[in-house]
Each structure stands twice: as structure tokens, then as C-alpha cells.
$ cat run.cif   # mmCIF, C-alpha atoms
data_query
#
loop_
_atom_site.group_PDB
_atom_site.id
_atom_site.type_symbol
_atom_site.label_atom_id
_atom_site.label_comp_id
_atom_site.auth_asym_id
_atom_site.auth_seq_id
_atom_site.Cartn_x
_atom_site.Cartn_y
_atom_site.Cartn_z
ATOM 1 C CA MET A 19 75.279 153.073 111.809
ATOM 2 C CA GLU A 20 78.130 153.950 114.143
ATOM 3 C CA ARG A 21 77.150 155.393 117.522
ATOM 4 C CA LYS A 22 79.396 157.962 119.099
ATOM 5 C CA PRO A 23 79.962 157.732 122.854
ATOM 6 C CA ALA A 24 78.178 160.333 124.936
ATOM 7 C CA MET A 25 80.309 163.295 125.872
ATOM 8 C CA PHE A 26 81.049 163.721 129.574
ATOM 9 C CA LYS A 27 79.134 166.633 131.074
ATOM 10 C CA SER A 28 80.039 167.776 134.522
ATOM 11 C CA HIS A 29 77.256 168.946 136.787
ATOM 12 C CA MET A 30 79.690 170.349 139.338
ATOM 13 C CA ASP A 31 78.476 173.884 138.600
ATOM 14 C CA ILE A 32 75.128 172.962 140.186
ATOM 15 C CA ALA A 33 76.884 171.472 143.216
ATOM 16 C CA LEU A 34 78.957 174.658 143.520
ATOM 17 C CA ASP A 35 75.777 176.769 143.459
ATOM 18 C CA GLU A 36 74.438 174.644 146.317
ATOM 19 C CA ALA A 37 77.724 175.029 148.236
ATOM 20 C CA ARG A 38 77.595 178.818 147.870
ATOM 21 C CA ALA A 39 73.974 178.847 149.060
ATOM 22 C CA ALA A 40 74.984 176.767 152.087
ATOM 23 C CA ALA A 41 77.715 179.309 152.891
ATOM 24 C CA GLN A 42 75.124 182.101 152.747
ATOM 25 C CA ARG A 43 73.108 180.184 155.370
ATOM 26 C CA GLY A 44 76.202 179.888 157.581
ATOM 27 C CA GLU A 45 76.636 176.189 156.807
ATOM 28 C CA VAL A 46 79.924 174.566 155.809
ATOM 29 C CA PRO A 47 79.762 175.105 152.035
ATOM 30 C CA VAL A 48 79.375 171.644 150.576
ATOM 31 C CA GLY A 49 76.967 171.092 147.710
ATOM 32 C CA ALA A 50 75.761 167.988 145.934
ATOM 33 C CA VAL A 51 73.639 167.109 142.920
ATOM 34 C CA LEU A 52 72.289 163.696 141.955
ATOM 35 C CA ILE A 53 71.901 162.847 138.271
ATOM 36 C CA ALA A 54 69.587 160.106 136.941
ATOM 37 C CA PRO A 55 70.779 157.669 134.268
ATOM 38 C CA ASP A 56 68.962 159.781 131.636
ATOM 39 C CA GLY A 57 71.035 162.842 132.616
ATOM 40 C CA GLN A 58 68.269 164.671 134.481
ATOM 41 C CA VAL A 59 68.854 166.364 137.830
ATOM 42 C CA VAL A 60 66.977 164.322 140.449
ATOM 43 C CA ALA A 61 67.998 166.217 143.590
ATOM 44 C CA ARG A 62 70.297 169.006 144.682
ATOM 45 C CA ALA A 63 71.234 170.248 148.140
ATOM 46 C CA GLY A 64 73.779 171.964 150.286
ATOM 47 C CA ASN A 65 74.689 171.193 153.878
ATOM 48 C CA ARG A 66 71.926 171.948 156.403
ATOM 49 C CA THR A 67 73.328 170.469 159.627
ATOM 50 C CA ARG A 68 72.941 173.674 161.636
ATOM 51 C CA GLU A 69 69.626 174.730 160.132
ATOM 52 C CA LEU A 70 68.042 171.325 160.792
ATOM 53 C CA SER A 71 69.984 170.594 164.016
ATOM 54 C CA ASP A 72 70.887 167.307 162.372
ATOM 55 C CA PRO A 73 74.473 166.050 162.208
ATOM 56 C CA THR A 74 73.486 163.775 159.306
ATOM 57 C CA ALA A 75 72.129 166.611 157.117
ATOM 58 C CA HIS A 76 75.158 166.611 154.832
ATOM 59 C CA ALA A 77 74.523 167.567 151.197
ATOM 60 C CA GLU A 78 75.014 163.970 150.024
ATOM 61 C CA ILE A 79 72.548 162.547 152.543
ATOM 62 C CA LEU A 80 69.946 165.176 151.681
ATOM 63 C CA VAL A 81 70.061 164.382 147.950
ATOM 64 C CA LEU A 82 69.874 160.651 148.677
ATOM 65 C CA ARG A 83 66.814 161.145 150.890
ATOM 66 C CA GLU A 84 65.036 163.254 148.280
ATOM 67 C CA ALA A 85 65.862 160.959 145.370
ATOM 68 C CA CYS A 86 64.981 157.751 147.245
ATOM 69 C CA ALA A 87 61.659 159.237 148.358
ATOM 70 C CA GLY A 88 60.916 160.269 144.777
ATOM 71 C CA ALA A 89 61.867 156.862 143.399
ATOM 72 C CA GLY A 90 60.089 154.952 146.148
ATOM 73 C CA SER A 91 63.238 152.880 146.607
ATOM 74 C CA GLU A 92 66.341 152.780 148.775
ATOM 75 C CA ARG A 93 68.431 151.973 145.687
ATOM 76 C CA LEU A 94 69.493 154.477 143.041
ATOM 77 C CA GLN A 95 71.336 152.263 140.596
ATOM 78 C CA GLY A 96 72.798 154.066 137.619
ATOM 79 C CA HIS A 97 72.727 157.477 139.309
ATOM 80 C CA ASP A 98 75.739 159.793 139.503
ATOM 81 C CA LEU A 99 76.606 162.090 142.395
ATOM 82 C CA TYR A 100 78.577 165.308 142.037
ATOM 83 C CA VAL A 101 79.773 166.777 145.321
ATOM 84 C CA THR A 102 82.147 169.647 145.997
ATOM 85 C CA LEU A 103 84.081 167.895 148.777
ATOM 86 C CA GLU A 104 85.246 164.314 149.207
ATOM 87 C CA PRO A 105 82.445 162.499 151.053
ATOM 88 C CA CYS A 106 83.003 161.643 154.707
ATOM 89 C CA ALA A 107 82.755 158.031 155.887
ATOM 90 C CA MET A 108 79.067 158.416 156.812
ATOM 91 C CA CYS A 109 78.163 159.768 153.385
ATOM 92 C CA ALA A 110 80.342 157.240 151.554
ATOM 93 C CA ALA A 111 78.596 154.386 153.377
ATOM 94 C CA ALA A 112 75.190 155.821 152.455
ATOM 95 C CA LEU A 113 76.266 156.195 148.807
ATOM 96 C CA ALA A 114 77.364 152.561 148.775
ATOM 97 C CA ALA A 115 74.076 151.435 150.366
ATOM 98 C CA ALA A 116 72.117 153.367 147.713
ATOM 99 C CA ARG A 117 74.212 151.701 144.979
ATOM 100 C CA ILE A 118 75.240 155.004 143.377
ATOM 101 C CA ALA A 119 77.071 154.244 140.114
ATOM 102 C CA ARG A 120 79.606 157.077 140.047
ATOM 103 C CA VAL A 121 80.853 159.696 142.504
ATOM 104 C CA TYR A 122 82.520 162.831 141.182
ATOM 105 C CA TYR A 123 84.039 165.092 143.805
ATOM 106 C CA GLY A 124 85.954 168.329 143.699
ATOM 107 C CA ALA A 125 88.217 169.029 146.669
ATOM 108 C CA SER A 126 89.946 166.288 148.641
ATOM 109 C CA ASP A 127 89.417 166.154 152.397
ATOM 110 C CA PRO A 128 92.512 164.695 154.101
ATOM 111 C CA LYS A 129 91.054 165.487 157.538
ATOM 112 C CA SER A 130 87.538 164.036 157.271
ATOM 113 C CA GLY A 131 87.279 162.301 153.892
ATOM 114 C CA GLY A 132 86.062 158.745 153.685
ATOM 115 C CA VAL A 133 86.835 157.881 150.068
ATOM 116 C CA ALA A 134 90.530 158.500 149.364
ATOM 117 C CA HIS A 135 91.398 159.350 152.981
ATOM 118 C CA GLY A 136 90.542 158.017 156.416
ATOM 119 C CA ALA A 137 88.152 155.080 156.340
ATOM 120 C CA CYS A 138 88.381 154.579 152.544
ATOM 121 C CA VAL A 139 84.866 153.117 152.689
ATOM 122 C CA PHE A 140 84.605 151.988 149.078
ATOM 123 C CA SER A 141 87.806 149.956 149.185
ATOM 124 C CA HIS A 142 86.995 148.310 152.523
ATOM 125 C CA PRO A 143 86.467 144.526 152.262
ATOM 126 C CA GLN A 144 83.054 144.854 153.919
ATOM 127 C CA ALA A 145 81.769 147.387 151.366
ATOM 128 C CA HIS A 146 78.634 146.059 149.692
ATOM 129 C CA HIS A 147 79.104 148.291 146.661
ATOM 130 C CA ALA A 148 81.892 150.468 145.344
ATOM 131 C CA PRO A 149 80.948 153.180 142.850
ATOM 132 C CA GLU A 150 83.377 154.480 140.277
ATOM 133 C CA VAL A 151 85.119 157.495 141.806
ATOM 134 C CA TYR A 152 86.467 160.521 139.970
ATOM 135 C CA GLU A 153 88.253 163.143 142.024
ATOM 136 C CA GLY A 154 89.427 166.655 141.271
ATOM 137 C CA ILE A 155 86.422 167.808 139.209
ATOM 138 C CA ALA A 156 86.541 171.645 139.361
ATOM 139 C CA GLU A 157 88.868 171.127 142.315
ATOM 140 C CA ALA A 158 90.203 174.698 142.490
ATOM 141 C CA ASP A 159 86.705 176.214 142.480
ATOM 142 C CA CYS A 160 85.469 173.752 145.113
ATOM 143 C CA ALA A 161 88.470 174.370 147.355
ATOM 144 C CA ARG A 162 88.149 178.145 146.952
ATOM 145 C CA VAL A 163 84.542 178.146 148.235
ATOM 146 C CA LEU A 164 85.653 176.303 151.360
ATOM 147 C CA GLN A 165 88.778 178.414 151.883
ATOM 148 C CA GLU A 166 86.854 181.678 151.552
ATOM 149 C CA PHE A 167 84.187 180.472 153.965
ATOM 150 C CA PHE A 168 86.657 179.491 156.679
ATOM 151 C CA ALA A 169 88.868 182.561 156.124
ATOM 152 C CA SER A 170 85.855 184.796 156.741
ATOM 153 C CA ARG A 171 85.289 183.074 160.089
ATOM 154 C CA ARG A 172 88.806 183.553 161.431
#
$ encode --input "run.cif" --output "C-alpha cells"
Amino acid sequence: MERKPAMFKSHMDIALDEARAAAQRGEVPVGAVLIAPDGQVVARAGNRTRELSDPTAHAEILVLREACAGAGSERLQGHDLYVTLEPCAMCAAALAAARIARVYYGASDPKSGGVAHGACVFSHPQAHHAPEVYEGIAEADCARVLQEFFASRR
């Protein structure tokens, strides 16, 4: 019997919901969702750096913390991350350390990105792990959330 390949399903809508919730809290609107190999949502979060007075409380770090605690492991092999903005160098390094399989991000971040810009963590010779990276997923929607947030602050 012939098996058909699984259809790609983006979970960026969940990450966008988290980004919008972060904006409502006055946080930079970045949202992330972590998906287990079976397709289930393991963790979801938006930035909470101001709320928690923690410069490391980026959406990506928060979902990694929750998922690792739930799994009882520092490794999340086979998991996929959807995030509305290109991860910074700190988050990219944490994603590599957790052995995330795939990273899907929406808007590029030429100023602070650490994947396709700046440090380019995953392509660095010292990177222990490099996930597959897919950029531009719901890019216009992700960029719009950020643009509207910063426009309202000017």
C-alpha cells in the first residue's frame, strides 16, 4: 500500500495569537509555539521580558523551558518551533542546544536576528546542531503585528 506524505500544516496562527497577546501586555509582540513530533502543541508563549523582569524571557526560551520541564529532558529532538520573528542569537543558541529539528519563522530581523542575520548561529562552525530553517511563513502578518505595535508607541 502506497503511503502519501503528510501535508505541511503551519502552526504560525498560534504563534501570532501569542504575539498579539504579548502586545496587549506591552511586550514586544513575538510569539512562539513548539510542536511535538506527533503534531501536538507542547508549549506556546509570547515575550514576557518586562513582566518577568528577565531579559531572557523571549517567547522561544519560554517554550523551551516549558517543554523541557514537561519532557524531563534538555533535548527536544524531533520538535518544530514556529516563531513570528527570526530568533536572536541567544534564542538560536538555545534552540541548537535543545536539538530542535525545524525552525519556522515569519518576519526577518536584520537588526537583531541570529539565524539569517548577525551571528548566523546555525551556520557557525562551533554550532553543535543546526535545525532545518524555513523563513517567511506568514511573513506579512508577522511583520504587521510588529509594525503596528511600534507605530502605536511613536
$ residues_around --input "run.cif" --residues "Arg68 in chain A" --least-positions-apart "5" --cutoff "10 Å" --atoms "only C-alpha atoms" --output "list in words"
Arg43, Gly44, Glu45, Val46, Pro73 and Ala75 of chain A
$ closest_atom_pairs --input "run.cif" --of "range 107-129 of chain A" --to "range 158-168 of chain A" --cutoff "12 Å" --atoms "all atoms listed in the file" --output "Markdown table"
| residue | atom | partner | partner_atom | distance |
| --- | --- | --- | --- | --- |
| A:Tyr122 | CA | A:Cys160 | CA | 12.0 |
| A:Tyr123 | CA | A:Cys160 | CA | 8.9 |
| A:Gly124 | CA | A:Cys160 | CA | 5.6 |
| A:Ala125 | CA | A:Ala161 | CA | 5.4 |
| A:Ser126 | CA | A:Ala161 | CA | 8.3 |
| A:Asp127 | CA | A:Ala161 | CA | 9.7 |
$ resolve_selection --input "run.cif" --expression "the PyMOL selection byres ((chain A and resi 115) around 12)" --output "PyMOL selection string"
chain A and resi 79+82+86+91-95+108-114+116-119+139-140+144-149
$ closest_atom_pairs --input "run.cif" --of "range 59-127 of chain A" --to "range 49-53 of chain A" --cutoff "9 Å" --atoms "all atoms listed in the file" --output "tab-separated table"
residue	atom	partner	partner_atom	distance
A:Val59	CA	A:Ile53	CA	4.7
A:Val60	CA	A:Leu52	CA	5.6
A:Ala61	CA	A:Leu52	CA	5.2
A:Arg62	CA	A:Val51	CA	4.2
A:Ala63	CA	A:Ala50	CA	5.5
A:Gly64	CA	A:Gly49	CA	4.2
A:Asn65	CA	A:Gly49	CA	6.6
A:His76	CA	A:Gly49	CA	8.6
A:Ala77	CA	A:Ala50	CA	5.4
A:Glu78	CA	A:Ala50	CA	5.8
A:Leu80	CA	A:Ala50	CA	8.6
A:Val81	CA	A:Leu52	CA	6.4
A:Leu82	CA	A:Leu52	CA	7.8
A:Ala85	CA	A:Leu52	CA	7.8
A:Gly96	CA	A:Ile53	CA	8.9
A:His97	CA	A:Ile53	CA	5.5
A:Asp98	CA	A:Ile53	CA	5.1
A:Leu99	CA	A:Leu52	CA	4.6
A:Tyr100	CA	A:Val51	CA	5.3
A:Val101	CA	A:Ala50	CA	4.2
A:Thr102	CA	A:Gly49	CA	5.6
A:Leu103	CA	A:Gly49	CA	7.9
$ atom_distance --input "run.cif" --atom1 "CA of Lys129 in chain A" --atom2 "CA of Arg172 in chain A"
18.6 Å
$ closest_residue --input "run.cif" --among "A:Val151, A:Ala33, A:Ala89, A:Ala40" --to "Ala54 in chain A" --atoms "all atoms listed in the file"
A:Ala89
$ resolve_selection --input "run.cif" --expression "the PyMOL selection byres ((chain A and resi 132-135) around 6)" --output "PyMOL selection string"
chain A and resi 105-107+128+131+136-139
$ atom_distance --input "run.cif" --atom1 "CA of Gln42 in chain A" --atom2 "CA of Glu153 in chain A"
25.4 Å
$ atom_distance --input "run.cif" --atom1 "CA of Glu69 in chain A" --atom2 "CA of Ala169 in chain A"
21.2 Å
